[in-house]
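Colleague: Encoded as structure tokens, here's the structure I'll be asking about.
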Amino acid sequence: MPNTPIRQTFSYQQQFTVPFEYPVHFTTDLFNPANTLLTDTIDRLHEHRKHRVIVLIDEGLAQAQPHLADRIDAYLQAFPQQIEIVHQPFLVPGGEPVKKDRSALDQVLNILGDTHYRLCRQSFVLAVGGGSFLDLVGLAAALVHRGLRLVRIPSTVLAQNDSAVGVKNGIDRNDQKNFLGTFAPPFAVLCDADLLATLPDKYWRGGIAEAFKVAIIRDADFFDFLCENARALKQRDTQLMESLIQRCAALHLDHIRLGGDPFETGVARPLDFGHWAAHRIEILSDQTFGHGLAVAVGLAIDTCCAADLGLLTASERDRILQALHEADLPLYTPLLDERNAQGDLRILQGLADFREHLGGNLTLTMPHGIGHQTDIHEMPTAQVEAAIGLLRRFAE
Ligand SMILES: NC(=O)c1ccc[n+]([C@@H]2O[C@H](COP(=O)([O-])OP(=O)(O)OC[C@H]3O[C@@H](n4cnc5c(N)ncnc54)[C@H](O)[C@@H]3O)[C@@H](O)[C@H]2O)c1
Ligand SMILES: [Zn+2]
């Protein structure tokens with residue numbers, strides 16, 4: 001090797017910012033042609049052009065609402081000046097299993113990539129369905145031409161109050177939740193309360209769990225509201241649920257806008273309270289538990305641990321557990337007591353996964369008094385064992 005000095009030949013500090021802006025609307029009867037919110041939203045940039053639109057519907061939703069696909073088609077046909085619909089709505093499987101199944105991503109990519117539809121970066125994907133379906137379609141829409149315009153129309157409580165209003169998409173890989181995904185803000189989000197009428201109870205309640213999550217760490221008044229109305233919410237009081245969804249969505253939107261880290265480049269996941277255990281429960285149950293109900297158990301575990309760590313008083317802990325119970329949310333599952341060949345609780349793998357995802361240092365968001373939060377960096381096994389013991393007794 002010739003002994004030539006190393007030279008720094010050229011450096012340039014590249015920097016720019018890209019503003020993101022998207023509306024999140026709450027309405028009813030979205031696909032009634034008298035309601036122009038959808039077309040107005042598609043036309044919100046006043047581009048003076050006809051917009052090419054493709055519609056994908058969660059198959060589970062379409063089965064529960066057999067006229068929905070035709071209603072959406074008829075709605076869009078009613079605005080021929082503004083909208084060119086490239087095909088009748090496509091039905092695509094939804095639910096948690098599609099995030100595990102790579103062929104589901106291929107199926108959506110094949111639809112969006114079909115050259116007959118001539119989709120371009122200005123074309124619109126209308127995705128109507130639950131959080132799993134929206135995570136899948138959102139990823140596909142972000143990949144095609146490096147990003148089509150995505151209008152999310154969420155049809156579950158959890159998607160309306162949490163997942164669909166945010167900036168993430170993703171599918172699982174091997175045993176890791178959301179391992180493949182992107183940060184891709186949508187073009188708009190339209191929440192139609194009427195879509196929830198057919199939602200199975202399990203998912204209705206699952207969405208309430210995410211509201212508890214954000215209330216416990218962010219908003220004591222909202223927590224009081226949930227405690228007061230837990231029973232009525234479980235019994236499907238639709239007006240109360242609309243309030244819950246709007247408050248919860250606003251808290252998530254505020255966090256993304258004001259939290260200082262919308263694309264989660266830092267080492268904390270401030271809204272993932274209870275999620276280290278929840279993600280593991282989903283996997284241990286082979287995806288039968290459902291994200292929202294798994295979050296409820298995760299909240300119960302972390303609530304007990306927070307009390308053990310002196311972050312909540314015993315009466316605050318009991319108030320939280322009681323309210324979750326009144327909303328008919330699970331606090332315990334026998335999956336929590338499963339052990340591996342070494343005798344370790346299998347749920348603890350959730351902590352290891354979180355640590356790895358965050359780059360080696362564990363950061364867990366915990367409540368610090370109701371309505372406030374703090375980060376911890378250690379979760380002793382003894383605390384988790386004690387929490388599970390307490391919850392097992394509570395469930396008996
Ligand atoms: N991207 C994010 O930021 C984010 C945030 C939170 C959760 N999530 C993800 O969301 C997923 C959970 O979503 P979910 O709770 O909405 O459930 P889901 O999407 O898995 O849907 C549950 C079931 O309900 C059906 N369904 C949907 N809407 C219906 C309706 N109105 N009537 C009848 N059936 C209907 C679906 O076909 C599916 O079978 C998880 O994978 C979770 O990781 C993502
Ligand atoms: Zn969640």
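Chain labels run A, B, ... following the order of the structure tokens; each chain numbers its residues from 1, and ligands are numbered from 1 in the order shown.
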Report the residues of stretch 60-128 of chain A whose backbone DSSP state falls under strand (DSSP E or B), written as a list in words.
Modeller: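 After running DSSP on the backbone, stretch 60-128 of chain A has strand (DSSP E or B) at Ile83, Glu84, Ile85, Phe90, Leu91, Val92, Phe124, Val125, Leu126, Ala127 and Val128 of chain A.
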Colleague: Grab me every residue within 7 Å of ligand 2, counting only C-alpha atoms and all ligand atoms, and send it over as a list in words.
Modeller: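 Using only C-alpha atoms and all ligand atoms, I find these residues within 7 Å of ligand 2: Glu210, Asp272, His275, His291, Gly292 and Val295 of chain A.
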Colleague: For A:Ala300, which residue among A:Ala193, A:Ala250, A:Ala277, A:Leu38 is the nearest when counting only C-alpha atoms?
Modeller: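 So, comparing all the options, the nearest one is A:Ala277.
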Colleague: Identify, counting only C-alpha atoms and all ligand atoms, the protein, DNA and RNA residues located within 7 Å of ligand 1, and give them as a ChimeraX atom specification.
Modeller: /A:58-61,64,93-96,99,129-133,135,155-159,162-164,166-170,177-178,195-200,203,206-207,290-292
Colleague: Looking only at the backbone, which of the residues in stretch 151-395 of chain A does DSSP tag as alpha helix (DSSP H), as a PyMOL selection string?
Modeller: chain A and resi 157-161+201-218+220-234+238-258+275-284+291-308+314-326+349-357+381-395
Colleague: Any idea what the distance is between atom CA of A:Val151 and atom CA of A:Gln82?
Modeller: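 We find that atom CA of A:Val151 and atom CA of A:Gln82 lie 15.7 Å from each other.
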Colleague: Skip stretch 24-34 of chain A itself and residues of its chain fewer than 4 positions away, then list as a PyMOL selection string all residues within 7 Å of it, counting only C-alpha atoms.
Modeller: chain A and resi 38+71-72+75+78+165+188-194
Colleague: Write the residues of the selection above to a file with N, CA and C atoms, as a compact mmCIF listing (two decimals), in the first residue's frame.
Modeller:
```
# COMPACT_ATOMS: atom_id res chain seq x y z
N LEU A 38 -66.29 12.92 1.60
CA LEU A 38 -65.28 12.08 0.95
C LEU A 38 -64.77 12.74 -0.34
N ARG A 71 -72.47 0.31 -2.19
CA ARG A 71 -72.75 1.70 -1.74
C ARG A 71 -71.56 2.60 -2.05
N ILE A 72 -70.36 2.10 -1.80
CA ILE A 72 -69.17 2.92 -2.05
C ILE A 72 -69.03 3.17 -3.55
N TYR A 75 -71.58 5.65 -4.62
CA TYR A 75 -71.20 6.99 -4.13
C TYR A 75 -70.19 7.63 -5.09
N ALA A 78 -71.38 8.73 -8.36
CA ALA A 78 -72.25 9.91 -8.31
C ALA A 78 -71.46 11.21 -8.48
N VAL A 165 -55.27 6.92 12.67
CA VAL A 165 -55.04 8.38 12.68
C VAL A 165 -53.55 8.70 12.72
N ALA A 188 -55.49 11.52 4.12
CA ALA A 188 -56.61 11.93 5.00
C ALA A 188 -57.12 10.70 5.73
N VAL A 189 -57.85 10.96 6.81
CA VAL A 189 -58.50 9.88 7.57
C VAL A 189 -59.95 10.28 7.78
N LEU A 190 -60.86 9.37 7.42
CA LEU A 190 -62.29 9.64 7.56
C LEU A 190 -62.91 8.55 8.42
N CYS A 191 -63.40 8.94 9.58
CA CYS A 191 -63.98 7.97 10.51
C CYS A 191 -65.50 8.07 10.47
N ASP A 192 -66.15 6.99 10.08
CA ASP A 192 -67.61 6.94 10.00
C ASP A 192 -68.13 6.09 11.15
N ALA A 193 -68.83 6.73 12.09
CA ALA A 193 -69.32 6.02 13.28
C ALA A 193 -70.24 4.86 12.88
N ASP A 194 -70.96 5.01 11.77
CA ASP A 194 -71.92 3.97 11.37
C ASP A 194 -71.22 2.66 10.99
```
Colleague: Set the distance at 12 Å and use only C-alpha atoms: which residues neighbour A:Gln88 once local chain neighbours fewer than 5 positions away are removed? I'd like the list as a list in words.
Modeller: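 Here the qualifying residues turn out to be Val53, Ile54, Val55, Leu56, Ile57, Leu68, Ala69, Asp70, Arg71, Ile72, Asp73, Ala74, Tyr75, Leu76, Gln77, Ile111, Tyr117 and Leu126 of chain A.
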Colleague: Show which residues sit within 9 Å of A:Gln176, as a list in words. Count only C-alpha atoms, and ignore same-chain residues fewer than 5 positions away.
Modeller: Ile171, His279, Ile283 and Asp353 of chain A
Colleague: A:Phe354, A:Phe16, A:Phe223, A:Phe263: which is nearest A:Arg247, counting only C-alpha atoms?
Modeller: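 Ranked by minimum distance to A:Arg247, first place goes to A:Phe223.
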Colleague: Expressed in Å to a single decimal, how great is the separation between atom CA of A:Phe20 and atom CA of A:Arg257?
Modeller: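 Distance reported for this atom pair: 9.7 Å.
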